[in-house]
Amino acid sequence: MSIRLRLTLWYTALLGATLILFSVIVYSALSTNLWAQVEQDAARQAGEVASALTQQLQFDILVIRNPRSTMQFPDIDLFASASGVQIVDFDGMIVKRSSNLGAMSVPDYRMALDAVQHGENYNYYTGGAGEPELLVYSVPLVVNDSIVGAVQVIKNVDSVRSTLSQVSRYLILGTGLSLVLAAIVGAFLARRTLAPLNAITRTAGSITQTGDLSRRLNVQEEQSEIGRLSTTFNAMLAQIQQLFDTQQQLIADVSHELRTPLTTVQGNVQLLQRMLSATESSSGRSLTSEMTEQVPEILAEVEIESMRMNTLINDLLLLAQADSGALSIQKEPVEMDTLLLEIYLQAQRLVDQMRTAGALTIRLGNEDQAMVLGDRERLRQLLLNLVDNAIKYTPDGGVITLDLKHEKEWVVISVTDTGLGISPENLEQIFARFYRTDKARSRELGGSGLGLSIVKWIAEAHGGTIDVTSTLSKGSVFTLRLPAYSGETAGV
Ligand code: ADP
């Protein structure tokens, strides 16, 4: 069942229940009131007639002995107005009746005698179904302190009955009409309320069909529920689009990164094959001396490119695992001062491998003792990436300083270089995957643009941060902040 239909039905049912309850209350109150009014009138009239007769018949001994045997009763037409009056004795005989009753028979009029004989008033309704409906109200007739019969006031209550049935017809008609109106208005309101939802469904449907993630919903009434839903939907779309774009970009970057080393490897293998076939087709069976000199060079290049691809794939795998949450960080106490010392020594070796002797100076600055809770190997990888970058992007004669400070709850490690520096517009982006300020230079130096992404992930996985400040042509400072571990073994 559609929400629209459900809303309409609920709306109509609720209004219907309210109207029916209201009608029942109005009808019962009116009916109780009208009947009480009629009975009160009859009681008052019967009381008046009875007391007038009591006075007039006082000391009339004949009436007392046998009310029927006398014609002493005054003319009771004086008392009858809209209603009729009759006097009945305890044998059930009608002693006198007002002329406005004519020959009209009053069914069951004897029914009241028993109660009246005991001094009680008695009323009942009779007639109806084609006959006039009557209220018969009986009170005792007292003469000289004894009850000699009953005074009965007979009221035609057809007008009350017809008033009530008219009111009930109006109420039923009114309720019915209101329900029809409520159903129409309810359906209209439900349609209006749900119209923006339909728009959302249509847009979502067309996005699914066309795959156009750049489309957005038109947000109206931002603060309303639908407005908030549209805003959330748009934000979700933007996120999906960003993820999609990033994924596309990543695939493009990876393909691009793999293509260059693969082409080099392929080219070198083809060169080797050509050399071999040239040797076989010539009469001599061994390689020429020129060729012999080239082979190690070719193989070295193949090895370098293979290693480059290996590093790239490992880095990619690490980031993919980090993204999916499959990579967990071992948490054990790590002495950061010892680790930094190891990095320092490794950096010296790296400089010796990568650069001409004495081209760069590596310095160990402040070195507080400090511990963190983390994964020693990942932290080593983080620091090595920073140092590796510093070595790559600092020209000869530069200085690289490693520094460790224990600042209250933080262990702050900085890697400072006097290298190329990074321009402010690039500074925000260098932690993004495959981002390199100078692609050619980075590649030449063996970089793939993933190093700092890994640094950022490892820092954050340890509850830390990585920041950079830099000035072009002057140098950069990468600052790593990790939560200090103050376990028992932590020596400060
Ligand atoms: P890469 O493999 O290219 O070094 P990274 O993610 O480690 O990738 O670094 C991204 C980019 O940030 C580098 O290409 C380089 O342009 C810049 N960069 C990183 N470290 C430094 C530094 N110490 N000095 C100058 N530029 C740097």
# chains A, B, ... in the order shown; residues from 1 in each chain; ligands from 1
$ residues_around --residues "Ile362 in chain A" --least-positions-apart "4" --cutoff "12 Å" --atoms "only C-alpha atoms" --output "list in words"
Leu341, Ile343, Tyr344, Leu345, Gln346, Ala347, Gln348, Arg349, Leu350, Val351, Asp352, Gly358, Val387, Asp388, Ala390, Ile391, Thr394, Asp396, Gly397, Gly398, Val399, Ile400, Thr401, Leu402, Asp403, Val415, Thr416, Asp417 and Thr418 of chain A
$ write_last_selection --atoms "N, CA, C and O atoms" --output "short mmCIF file (atom, residue, chain, number, x, y, z; two decimals), in the first residue's frame"
data_model
loop_
_atom_site.label_atom_id
_atom_site.label_comp_id
_atom_site.auth_asym_id
_atom_site.auth_seq_id
_atom_site.Cartn_x
_atom_site.Cartn_y
_atom_site.Cartn_z
N LEU A 341 67.71 6.89 16.30
CA LEU A 341 69.15 6.66 16.13
C LEU A 341 69.40 5.68 14.98
O LEU A 341 70.29 5.89 14.14
N ILE A 343 67.45 5.15 12.47
CA ILE A 343 67.11 5.83 11.21
C ILE A 343 68.28 6.74 10.79
O ILE A 343 68.62 6.83 9.61
N TYR A 344 68.83 7.38 11.80
CA TYR A 344 69.97 8.28 11.53
C TYR A 344 71.10 7.52 10.84
O TYR A 344 71.64 7.96 9.82
N LEU A 345 71.41 6.33 11.42
CA LEU A 345 72.50 5.53 10.85
C LEU A 345 72.15 5.06 9.44
O LEU A 345 72.97 5.09 8.52
N GLN A 346 70.88 4.66 9.28
CA GLN A 346 70.44 4.18 7.97
C GLN A 346 70.49 5.32 6.94
O GLN A 346 70.81 5.11 5.78
N ALA A 347 70.13 6.54 7.42
CA ALA A 347 70.15 7.71 6.53
C ALA A 347 71.57 7.95 6.03
O ALA A 347 71.77 8.28 4.85
N GLN A 348 72.55 7.78 6.93
CA GLN A 348 73.96 7.94 6.52
C GLN A 348 74.27 6.98 5.37
O GLN A 348 74.88 7.36 4.37
N ARG A 349 73.82 5.71 5.55
CA ARG A 349 74.12 4.70 4.52
C ARG A 349 73.42 5.07 3.21
O ARG A 349 73.98 4.94 2.13
N LEU A 350 72.17 5.55 3.34
CA LEU A 350 71.40 5.93 2.14
C LEU A 350 72.12 7.04 1.37
O LEU A 350 72.23 7.02 0.14
N VAL A 351 72.60 8.04 2.13
CA VAL A 351 73.31 9.16 1.50
C VAL A 351 74.53 8.63 0.75
O VAL A 351 74.78 9.03 -0.40
N ASP A 352 75.20 7.69 1.40
CA ASP A 352 76.40 7.13 0.76
C ASP A 352 76.04 6.42 -0.53
O ASP A 352 76.78 6.48 -1.52
N GLY A 358 79.99 12.99 0.88
CA GLY A 358 80.03 14.33 1.50
C GLY A 358 79.06 15.32 0.91
O GLY A 358 79.08 16.51 1.24
N VAL A 387 62.87 10.68 5.68
CA VAL A 387 64.31 10.89 5.50
C VAL A 387 64.67 10.70 4.01
O VAL A 387 65.45 11.47 3.44
N ASP A 388 64.08 9.68 3.42
CA ASP A 388 64.33 9.39 2.00
C ASP A 388 63.96 10.59 1.14
O ASP A 388 64.72 11.01 0.25
N ALA A 390 63.76 13.72 2.17
CA ALA A 390 64.69 14.83 2.49
C ALA A 390 65.98 14.66 1.68
O ALA A 390 66.50 15.63 1.12
N ILE A 391 66.47 13.40 1.60
CA ILE A 391 67.71 13.16 0.84
C ILE A 391 67.47 13.43 -0.65
O ILE A 391 68.28 14.08 -1.32
N THR A 394 67.02 17.38 -1.47
CA THR A 394 67.96 18.39 -0.97
C THR A 394 69.23 18.34 -1.85
O THR A 394 69.85 17.28 -1.98
N ASP A 396 73.14 19.09 -3.23
CA ASP A 396 74.45 18.93 -2.58
C ASP A 396 74.76 20.11 -1.66
O ASP A 396 74.39 21.25 -1.96
N GLY A 397 75.41 19.79 -0.59
CA GLY A 397 75.78 20.84 0.37
C GLY A 397 74.71 21.08 1.40
O GLY A 397 74.90 21.86 2.33
N GLY A 398 73.59 20.40 1.29
CA GLY A 398 72.48 20.63 2.23
C GLY A 398 72.66 19.88 3.54
O GLY A 398 73.54 19.03 3.68
N VAL A 399 71.79 20.21 4.49
CA VAL A 399 71.85 19.58 5.82
C VAL A 399 70.46 19.02 6.15
O VAL A 399 69.45 19.69 5.93
N ILE A 400 70.47 17.81 6.70
CA ILE A 400 69.20 17.20 7.13
C ILE A 400 69.31 16.94 8.63
O ILE A 400 70.29 16.34 9.08
N THR A 401 68.32 17.44 9.38
CA THR A 401 68.40 17.30 10.84
C THR A 401 67.22 16.47 11.36
O THR A 401 66.07 16.73 10.99
N LEU A 402 67.57 15.50 12.19
CA LEU A 402 66.52 14.68 12.84
C LEU A 402 66.42 15.13 14.29
O LEU A 402 67.44 15.29 14.97
N ASP A 403 65.22 15.33 14.75
CA ASP A 403 65.04 15.94 16.06
C ASP A 403 63.92 15.23 16.82
O ASP A 403 62.89 14.88 16.23
N VAL A 415 61.79 16.24 10.85
CA VAL A 415 62.84 15.99 9.86
C VAL A 415 62.96 17.29 9.06
O VAL A 415 62.03 17.69 8.36
N THR A 416 64.08 17.98 9.26
CA THR A 416 64.26 19.30 8.64
C THR A 416 65.32 19.19 7.54
O THR A 416 66.35 18.56 7.76
N ASP A 417 65.01 19.78 6.40
CA ASP A 417 66.05 19.79 5.36
C ASP A 417 66.24 21.20 4.83
O ASP A 417 65.42 22.09 5.06
N THR A 418 67.36 21.40 4.14
CA THR A 418 67.63 22.72 3.56
C THR A 418 67.52 22.59 2.04
O THR A 418 68.35 23.12 1.30
#
$ residues_near_ligand --ligand "ligand 1" --cutoff "7 Å" --atoms "only C-alpha atoms and all ligand atoms" --output "MDAnalysis selection string"
chainID A and resid 385:386 389:390 393:394 417 419:422 430:431 433:439 442:443 446:453 475:476
$ atom_distance --atom1 "CA of Met111 in chain A" --atom2 "CA of Ala42 in chain A"
17.1 Å
$ residues_around --residues "Glu257 in chain A" --least-positions-apart "4" --cutoff "9 Å" --atoms "only C-alpha atoms" --output "MDAnalysis selection string"
chainID A and resid 252:253 261 309 312 448
$ closest_residue --among "A:Gln86, A:Ser486, A:Gln369, A:Ser224" --to "Leu404 in chain A" --atoms "only C-alpha atoms"
A:Gln369
